[in-house]
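Participant: File follows, coords_38.cif with mmCIF, C-alpha atoms:
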```
data_upload
#
loop_
_atom_site.group_PDB
_atom_site.id
_atom_site.type_symbol
_atom_site.label_atom_id
_atom_site.label_comp_id
_atom_site.auth_asym_id
_atom_site.auth_seq_id
_atom_site.Cartn_x
_atom_site.Cartn_y
_atom_site.Cartn_z
ATOM 1 C CA ASP A 1 129.714 119.052 124.822
ATOM 2 C CA ALA A 2 128.158 116.151 122.931
ATOM 3 C CA GLY A 3 124.901 117.941 122.277
ATOM 4 C CA VAL A 4 121.523 116.230 122.340
ATOM 5 C CA ILE A 5 121.883 112.532 121.604
ATOM 6 C CA GLN A 6 119.138 110.489 119.989
ATOM 7 C CA SER A 7 118.978 106.791 119.272
ATOM 8 C CA PRO A 8 118.447 105.024 117.047
ATOM 9 C CA ARG A 9 119.126 107.310 114.077
ATOM 10 C CA HIS A 10 117.030 105.117 111.815
ATOM 11 C CA GLU A 11 114.301 102.654 112.666
ATOM 12 C CA VAL A 12 112.342 100.462 110.295
ATOM 13 C CA THR A 13 109.557 98.400 111.774
ATOM 14 C CA GLU A 14 106.383 96.620 110.768
ATOM 15 C CA MET A 15 102.923 97.876 111.532
ATOM 16 C CA GLY A 16 101.759 96.769 114.947
ATOM 17 C CA GLN A 17 105.197 96.606 116.507
ATOM 18 C CA GLU A 18 106.273 98.672 119.497
ATOM 19 C CA VAL A 19 108.823 101.399 118.838
ATOM 20 C CA THR A 20 110.910 103.185 121.467
ATOM 21 C CA LEU A 21 112.890 106.302 120.674
ATOM 22 C CA ARG A 22 115.502 107.559 123.106
ATOM 23 C CA CYS A 23 116.923 110.953 123.947
ATOM 24 C CA LYS A 24 119.721 112.215 126.161
ATOM 25 C CA PRO A 25 119.506 115.998 126.661
ATOM 26 C CA ILE A 26 122.468 118.297 127.132
ATOM 27 C CA SER A 27 123.791 118.028 130.665
ATOM 28 C CA GLY A 28 122.349 120.752 132.884
ATOM 29 C CA HIS A 29 119.337 121.406 130.682
ATOM 30 C CA ASN A 30 116.043 121.192 132.532
ATOM 31 C CA SER A 31 113.561 121.280 129.659
ATOM 32 C CA LEU A 32 113.080 118.579 127.044
ATOM 33 C CA PHE A 33 110.903 118.601 123.945
ATOM 34 C CA TRP A 34 109.755 115.916 121.502
ATOM 35 C CA TYR A 35 108.841 116.971 117.960
ATOM 36 C CA ARG A 36 107.627 115.136 114.881
ATOM 37 C CA GLN A 37 108.439 116.321 111.360
ATOM 38 C CA THR A 38 106.596 115.221 108.212
ATOM 39 C CA MET A 39 106.198 116.712 104.767
ATOM 40 C CA MET A 40 102.457 117.050 105.218
ATOM 41 C CA ARG A 41 102.309 118.526 108.715
ATOM 42 C CA GLY A 42 105.708 120.153 109.129
ATOM 43 C CA LEU A 43 107.255 120.358 112.592
ATOM 44 C CA GLU A 44 104.865 119.526 115.431
ATOM 45 C CA LEU A 45 105.499 119.670 119.158
ATOM 46 C CA LEU A 46 104.344 116.422 120.720
ATOM 47 C CA ILE A 47 105.181 116.914 124.396
ATOM 48 C CA TYR A 48 107.577 118.780 126.621
ATOM 49 C CA PHE A 49 108.962 118.361 130.122
ATOM 50 C CA ASN A 50 110.299 120.820 132.683
ATOM 51 C CA ASN A 51 112.382 119.271 135.462
ATOM 52 C CA ASN A 52 111.281 115.791 134.340
ATOM 53 C CA VAL A 53 107.589 116.667 134.681
ATOM 54 C CA PRO A 54 105.338 116.655 131.589
ATOM 55 C CA ILE A 55 103.990 120.174 131.124
ATOM 56 C CA ASP A 56 102.081 119.999 127.862
ATOM 57 C CA ASP A 57 101.186 116.801 126.037
ATOM 58 C CA SER A 58 98.427 118.271 123.912
ATOM 59 C CA GLY A 59 100.377 117.486 120.755
ATOM 60 C CA MET A 60 100.521 113.739 121.384
ATOM 61 C CA PRO A 61 98.449 112.284 118.531
ATOM 62 C CA GLU A 62 96.637 109.552 120.429
ATOM 63 C CA ASP A 63 96.905 106.987 123.170
ATOM 64 C CA ARG A 64 99.333 104.920 121.135
ATOM 65 C CA PHE A 65 101.981 107.528 121.939
ATOM 66 C CA SER A 66 103.540 107.879 125.370
ATOM 67 C CA ALA A 67 106.601 109.698 126.685
ATOM 68 C CA LYS A 68 108.553 109.416 129.906
ATOM 69 C CA MET A 69 111.416 111.219 131.537
ATOM 70 C CA PRO A 70 112.551 109.109 134.488
ATOM 71 C CA ASN A 71 115.527 111.373 135.212
ATOM 72 C CA ALA A 72 117.208 114.541 134.013
ATOM 73 C CA SER A 73 119.436 112.751 131.523
ATOM 74 C CA PHE A 74 117.055 110.433 129.703
ATOM 75 C CA SER A 75 113.707 110.439 127.957
ATOM 76 C CA THR A 76 111.784 107.965 125.810
ATOM 77 C CA LEU A 77 109.002 108.283 123.279
ATOM 78 C CA LYS A 78 107.084 105.074 122.744
ATOM 79 C CA ILE A 79 104.613 104.174 120.027
ATOM 80 C CA GLN A 80 102.536 101.065 120.599
ATOM 81 C CA PRO A 81 101.245 99.747 118.287
ATOM 82 C CA SER A 82 102.923 101.562 115.426
ATOM 83 C CA GLU A 83 101.118 102.421 112.188
ATOM 84 C CA PRO A 84 102.396 103.480 108.738
ATOM 85 C CA ARG A 85 101.130 107.033 109.330
ATOM 86 C CA ASP A 86 103.609 107.335 112.212
ATOM 87 C CA SER A 87 106.448 107.363 109.705
ATOM 88 C CA ALA A 88 108.313 110.631 110.264
ATOM 89 C CA VAL A 89 111.481 112.136 111.680
ATOM 90 C CA TYR A 90 111.265 112.526 115.441
ATOM 91 C CA PHE A 91 113.401 115.192 117.062
ATOM 92 C CA CYS A 92 114.319 115.701 120.659
ATOM 93 C CA ALA A 93 115.427 119.134 121.865
ATOM 94 C CA SER A 94 116.535 120.517 125.200
ATOM 95 C CA SER A 95 116.906 123.930 126.762
ATOM 96 C CA LEU A 96 118.328 125.320 129.979
ATOM 97 C CA GLY A 97 114.988 125.792 131.651
ATOM 98 C CA ALA A 98 111.592 127.373 131.724
ATOM 99 C CA SER A 99 112.978 130.874 131.233
ATOM 100 C CA SER A 100 115.359 129.932 128.442
ATOM 101 C CA TYR A 101 113.949 130.031 124.950
ATOM 102 C CA GLU A 102 116.841 128.642 122.933
ATOM 103 C CA GLN A 103 116.294 124.994 122.118
ATOM 104 C CA TYR A 104 119.092 122.664 121.035
ATOM 105 C CA PHE A 105 118.003 119.906 118.699
ATOM 106 C CA GLY A 106 119.265 116.398 118.324
ATOM 107 C CA PRO A 107 119.951 114.831 114.907
ATOM 108 C CA GLY A 108 116.574 113.093 114.853
ATOM 109 C CA THR A 109 115.331 109.538 114.450
ATOM 110 C CA ARG A 110 113.909 108.627 111.056
ATOM 111 C CA LEU A 111 111.089 106.147 111.652
ATOM 112 C CA THR A 112 109.622 104.067 108.855
ATOM 113 C CA VAL A 113 106.637 101.857 109.609
ATOM 114 C CA THR A 114 105.789 99.395 106.840
ATOM 115 C CA ALA B 1 95.942 130.578 119.240
ATOM 116 C CA GLN B 2 99.506 131.307 118.283
ATOM 117 C CA SER B 3 100.446 130.960 114.650
ATOM 118 C CA VAL B 4 103.420 131.626 112.447
ATOM 119 C CA THR B 5 103.195 132.017 108.696
ATOM 120 C CA GLN B 6 106.099 131.690 106.344
ATOM 121 C CA LEU B 7 104.816 133.022 103.081
ATOM 122 C CA ASP B 8 107.247 131.249 100.774
ATOM 123 C CA SER B 9 107.616 127.484 100.818
ATOM 124 C CA GLN B 10 110.580 127.565 98.429
ATOM 125 C CA VAL B 11 113.033 130.279 97.436
ATOM 126 C CA PRO B 12 115.542 129.655 94.654
ATOM 127 C CA VAL B 13 118.425 132.136 94.612
ATOM 128 C CA PHE B 14 121.738 132.467 92.790
ATOM 129 C CA GLU B 15 125.015 132.357 94.674
ATOM 130 C CA GLU B 16 126.176 135.778 95.926
ATOM 131 C CA ALA B 17 122.674 137.235 95.487
ATOM 132 C CA PRO B 18 120.682 138.566 98.442
ATOM 133 C CA VAL B 19 117.814 136.619 99.972
ATOM 134 C CA GLU B 20 114.879 137.539 102.168
ATOM 135 C CA LEU B 21 112.642 135.010 103.894
ATOM 136 C CA ARG B 22 109.346 136.292 105.163
ATOM 137 C CA CYS B 23 107.755 135.460 108.492
ATOM 138 C CA ASN B 24 104.563 136.817 110.039
ATOM 139 C CA TYR B 25 103.059 135.881 113.369
ATOM 140 C CA SER B 26 99.717 136.414 115.058
ATOM 141 C CA SER B 27 99.725 137.948 118.491
ATOM 142 C CA SER B 28 98.352 140.823 120.493
ATOM 143 C CA VAL B 29 100.919 140.400 123.264
ATOM 144 C CA SER B 30 104.668 140.493 123.559
ATOM 145 C CA VAL B 31 106.527 137.761 121.735
ATOM 146 C CA TYR B 32 109.938 136.235 121.414
ATOM 147 C CA LEU B 33 111.002 135.373 117.860
ATOM 148 C CA PHE B 34 113.502 132.937 116.415
ATOM 149 C CA TRP B 35 114.944 131.688 113.151
ATOM 150 C CA TYR B 36 116.282 128.158 112.927
ATOM 151 C CA VAL B 37 118.096 126.478 110.036
ATOM 152 C CA GLN B 38 117.928 122.798 109.146
ATOM 153 C CA TYR B 39 120.611 121.411 106.850
ATOM 154 C CA PRO B 40 119.819 118.171 105.022
ATOM 155 C CA ASN B 41 119.498 115.187 107.338
ATOM 156 C CA GLN B 42 120.261 117.234 110.430
ATOM 157 C CA GLY B 43 118.415 118.729 113.364
ATOM 158 C CA LEU B 44 117.525 122.384 113.682
ATOM 159 C CA GLN B 45 120.136 124.942 114.652
ATOM 160 C CA LEU B 46 119.433 128.422 116.031
ATOM 161 C CA LEU B 47 120.365 131.230 113.625
ATOM 162 C CA LEU B 48 119.229 134.199 115.702
ATOM 163 C CA LYS B 49 116.647 135.335 118.229
ATOM 164 C CA TYR B 50 114.787 138.442 119.296
ATOM 165 C CA LEU B 51 113.844 138.721 122.960
ATOM 166 C CA SER B 52 113.947 142.488 123.484
ATOM 167 C CA GLY B 53 115.957 145.594 122.669
ATOM 168 C CA SER B 54 117.170 146.488 119.197
ATOM 169 C CA THR B 55 114.763 145.390 116.499
ATOM 170 C CA LEU B 56 117.627 144.481 114.147
ATOM 171 C CA VAL B 57 119.120 141.204 115.213
ATOM 172 C CA LYS B 58 122.309 139.734 113.835
ATOM 173 C CA GLY B 59 122.899 136.003 113.840
ATOM 174 C CA ILE B 60 125.382 133.440 112.681
ATOM 175 C CA ASN B 61 126.596 132.938 109.122
ATOM 176 C CA GLY B 62 125.887 136.537 108.111
ATOM 177 C CA PHE B 63 122.129 136.388 108.630
ATOM 178 C CA GLU B 64 120.086 139.154 110.206
ATOM 179 C CA ALA B 65 116.411 139.736 110.918
ATOM 180 C CA GLU B 66 114.281 142.729 111.745
ATOM 181 C CA PHE B 67 111.399 142.707 114.195
ATOM 182 C CA ASN B 68 108.508 144.882 113.079
ATOM 183 C CA LYS B 69 105.837 145.020 115.756
ATOM 184 C CA SER B 70 103.301 147.024 113.758
ATOM 185 C CA GLN B 71 103.448 144.544 110.886
ATOM 186 C CA THR B 72 103.893 141.517 113.177
ATOM 187 C CA SER B 73 106.806 140.401 111.020
ATOM 188 C CA PHE B 74 110.297 139.027 111.542
ATOM 189 C CA HIS B 75 111.871 138.695 108.102
ATOM 190 C CA LEU B 76 115.259 137.064 107.671
ATOM 191 C CA ARG B 77 117.875 138.462 105.286
ATOM 192 C CA LYS B 78 121.337 137.754 104.006
ATOM 193 C CA PRO B 79 123.059 140.149 101.588
ATOM 194 C CA SER B 80 125.050 137.480 99.738
ATOM 195 C CA VAL B 81 124.315 133.769 99.918
ATOM 196 C CA HIS B 82 126.645 130.832 99.476
ATOM 197 C CA ILE B 83 125.987 127.347 98.195
ATOM 198 C CA SER B 84 126.323 126.153 101.785
ATOM 199 C CA ASP B 85 123.234 128.192 102.742
ATOM 200 C CA THR B 86 121.054 125.663 100.935
ATOM 201 C CA ALA B 87 118.787 124.460 103.721
ATOM 202 C CA GLU B 88 115.329 124.806 105.201
ATOM 203 C CA TYR B 89 114.667 127.798 107.425
ATOM 204 C CA PHE B 90 112.058 127.912 110.169
ATOM 205 C CA CYS B 91 110.607 130.913 111.914
ATOM 206 C CA ALA B 92 109.341 130.312 115.449
ATOM 207 C CA VAL B 93 107.537 132.301 118.134
ATOM 208 C CA SER B 94 107.204 131.993 121.863
ATOM 209 C CA TYR B 95 105.095 133.955 124.298
ATOM 210 C CA PRO B 96 106.298 134.725 127.807
ATOM 211 C CA ALA B 97 103.048 133.386 129.205
ATOM 212 C CA ALA B 98 103.572 130.131 127.339
ATOM 213 C CA GLY B 99 106.825 129.308 129.075
ATOM 214 C CA ASN B 100 109.513 128.070 126.721
ATOM 215 C CA LYS B 101 107.229 126.370 124.233
ATOM 216 C CA LEU B 102 107.904 127.295 120.591
ATOM 217 C CA THR B 103 105.446 127.408 117.701
ATOM 218 C CA PHE B 104 107.106 126.891 114.329
ATOM 219 C CA GLY B 105 106.168 128.093 110.881
ATOM 220 C CA GLY B 106 105.930 125.718 107.953
ATOM 221 C CA GLY B 107 109.491 126.349 106.788
ATOM 222 C CA THR B 108 111.069 127.887 103.698
ATOM 223 C CA ARG B 109 113.353 125.781 101.567
ATOM 224 C CA VAL B 110 116.243 127.816 100.131
ATOM 225 C CA LEU B 111 118.068 126.437 97.129
ATOM 226 C CA VAL B 112 121.223 128.328 96.209
ATOM 227 C CA LYS B 113 122.241 127.872 92.601
ATOM 228 C CA PRO B 114 125.751 128.409 91.257
#
```
With the file now loaded, output its structure as structure tokens.
Facilitator:
Amino acid sequence: DAGVIQSPRHEVTEMGQEVTLRCKPISGHNSLFWYRQTMMRGLELLIYFNNNVPIDDSGMPEDRFSAKMPNASFSTLKIQPSEPRDSAVYFCASSLGASSYEQYFGPGTRLTVT
Amino acid sequence: AQSVTQLDSQVPVFEEAPVELRCNYSSSVSVYLFWYVQYPNQGLQLLLKYLSGSTLVKGINGFEAEFNKSQTSFHLRKPSVHISDTAEYFCAVSYPAAGNKLTFGGGTRVLVKP
């Protein structure tokens, strides 16, 4: 099993540009989570999906952030426009389903906004 | 609101010495508890979990944790650490009513010295 796949692994962009982060969950997993990790705020849950449906997006910082899951094998997290304070490592994780509590994390995308 | 407190942000320890990482959570209802490990530049990996049953839980890499309901704690221990245990460790909690959403503590950075 390839595990959770995230791309790109590193992204450097200028303030104001659009950034799209991608995630492929483990095949057969029905829940998908997006997290942000920074030194100041630690690990924060941004949004999660069950069966491709967003369940809780209360952690999304503001309207500049949006996430989609068009099918069971793909999700995107978009930031538009990006700001320097968005610089962080963004993790995607997946789990079997709503009754499964073990989450499998991807390697993360390190985003730097200059 | 759910919260998880990891009392130590950093723990230096000598190789082959024991280590204990402290975790306390706030809840008046049943909880599920987890410890994750994050090696440098990697995603999080599950070390162990408590869902029910025996309060002493054994995980991978020689780690174990004990659930103490009266003290609302879930401390992680290893009797003898290796250099390779240098990493950041996260305690997390989930509540059955919250589905499979996890709330993470702030993390404890373990530095194993030779």
Participant: Taking 3 positions as the minimum chain separation for residues in the same chain, which residues sit within 6 Å of Tyr32 of chain B when counting all atoms listed in the file? Answer as an MDAnalysis selection string.
Facilitator: chainID B and resid 50:51 93:94
Participant: Step by step, work through what the PyMOL selection byres ((chain A and resi 45) around 8) selects in the shown file, and finish by giving those residues as a VMD selection string.
Facilitator: (chain A and resid 33 to 36 43 to 44 46 to 48 59) or (chain B and resid 103)
Participant: Nearest to chain B: which of A:Thr112, A:Gln37, A:Ser87, A:Thr13 is it, counting all atoms listed in the file?
Facilitator: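 Among the listed residues, the smallest separation from chain B belongs to A:Gln37.
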Participant: Please, which residues of chain A lie no more than 10 Å from chain B when the count uses all atoms listed in the file, and can they be set out as a PyMOL selection string?
Facilitator: chain A and resi 4+31+33+39-45+47-48+50+55-56+89-93+95-110
Participant: Would you kindly return, as a CSV table (one decimal) with C-alpha atoms, in the frame of the given file, each protein, DNA or RNA residue with an atom no farther than 8 Å from any atom of Cys23 of chain A, considering all atoms listed in the file and excluding same-chain residues fewer than 3 positions away?
Facilitator:
```
chain,number,residue,atom,x,y,z
A,4,VAL,CA,121.5,116.2,122.3
A,5,ILE,CA,121.9,112.5,121.6
A,6,GLN,CA,119.1,110.5,120.0
A,7,SER,CA,119.0,106.8,119.3
A,74,PHE,CA,117.1,110.4,129.7
A,75,SER,CA,113.7,110.4,128.0
A,76,THR,CA,111.8,108.0,125.8
A,92,CYS,CA,114.3,115.7,120.7
```
Participant: Evaluated on this file, the PyMOL selection byres ((chain B and resi 66) around 10) picks out some residues - which ones are they, written as a ChimeraX atom specification?
Facilitator: /B:50,54-58,64-65,67-69,73-77
Participant: Expanded to explicit residues, what is the PyMOL selection byres ((chain B and resi 10) around 8) for this file, as a list in words?
Facilitator: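 Checking the PyMOL selection byres ((chain B and resi 10) around 8) against this file, the residues are Asp8, Ser9, Val11, Pro12, Thr108, Arg109, Val110 and Leu111 of chain B.
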Participant: Got time to write the residues from that selection, C-alpha atoms, as a PDB file, keeping the file's coordinate frame?
Facilitator:
```
ATOM      1  CA  ASP B   8     107.247 131.249 100.774  1.00  0.00           C
ATOM      2  CA  SER B   9     107.616 127.484 100.818  1.00  0.00           C
ATOM      3  CA  VAL B  11     113.033 130.279  97.436  1.00  0.00           C
ATOM      4  CA  PRO B  12     115.542 129.655  94.654  1.00  0.00           C
ATOM      5  CA  THR B 108     111.069 127.887 103.698  1.00  0.00           C
ATOM      6  CA  ARG B 109     113.353 125.781 101.567  1.00  0.00           C
ATOM      7  CA  VAL B 110     116.243 127.816 100.131  1.00  0.00           C
ATOM      8  CA  LEU B 111     118.068 126.437  97.129  1.00  0.00           C
TER       9      LEU B 111
END
```
Participant: Could you write out as lines of an AutoDock Vina configuration file the box around segment 92-102 of chain B (axis-aligned, all atoms listed in the file, 8 Å on each side), with centre and edge lengths in Å to one decimal?
Facilitator:
```
center_x = 106.3
center_y = 130.5
center_z = 122.3
size_x = 22.5
size_y = 24.4
size_z = 29.8
```
Participant: Considering only C-alpha atoms, state which residue in the set A:Asn30, A:Ser94, A:Met69, A:Asp86 is at the smallest distance from Val113 of chain A.
Facilitator: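 Answer, going by the shortest atom-to-atom distance: A:Asp86.
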Participant: In Å, rounded to a single decimal, give me how far atom CA of Leu7 of chain B is from atom CA of Cys91 of chain B.
Facilitator: 10.8 Å
Participant: So the first atom is atom CA of Glu62 of chain A and the second is atom CA of Leu21 of chain A; what is the distance between them in Å, to one decimal place?
Facilitator: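 These two atoms are separated by 16.6 Å.
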Participant: From the options B:Val112, B:Ala87, B:Val81, B:Val31, which residue's atoms come nearest to Val4 of chain B, counting all atoms listed in the file?
Facilitator: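 The shortest atom-to-atom distance to Val4 of chain B comes from B:Val31.
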Participant: To one decimal in Å, tell me the separation between atom CA of Arg22 of chain A and atom CA of His10 of chain A.
Facilitator: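 Computing it gives 11.7 Å between the two atoms.
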Participant: Taking the point (96.8, 137.1, 122.2) as given in the file, collect each protein or nucleic acid residue that comes within 10 Å of it, counting all atoms listed in the file, and present the set as a list in words.
Facilitator: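 The distance filter leaves exactly Ala1, Gln2, Ser26, Ser27, Ser28, Val29, Ser30, Val31 and Tyr95 of chain B.
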Participant: Which one is closest to Ile83 of chain B: B:Ala97, B:Val13, B:Ile60, B:Cys23? Count all atoms listed in the file.
Facilitator: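 The shortest atom-to-atom distance to Ile83 of chain B comes from B:Val13.
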Participant: With distances taken over all atoms listed in the file, which of A:Ala67, A:Ala72, A:Met60, A:Leu77 is nearest to Ser27 of chain A?
Facilitator: A:Ala72
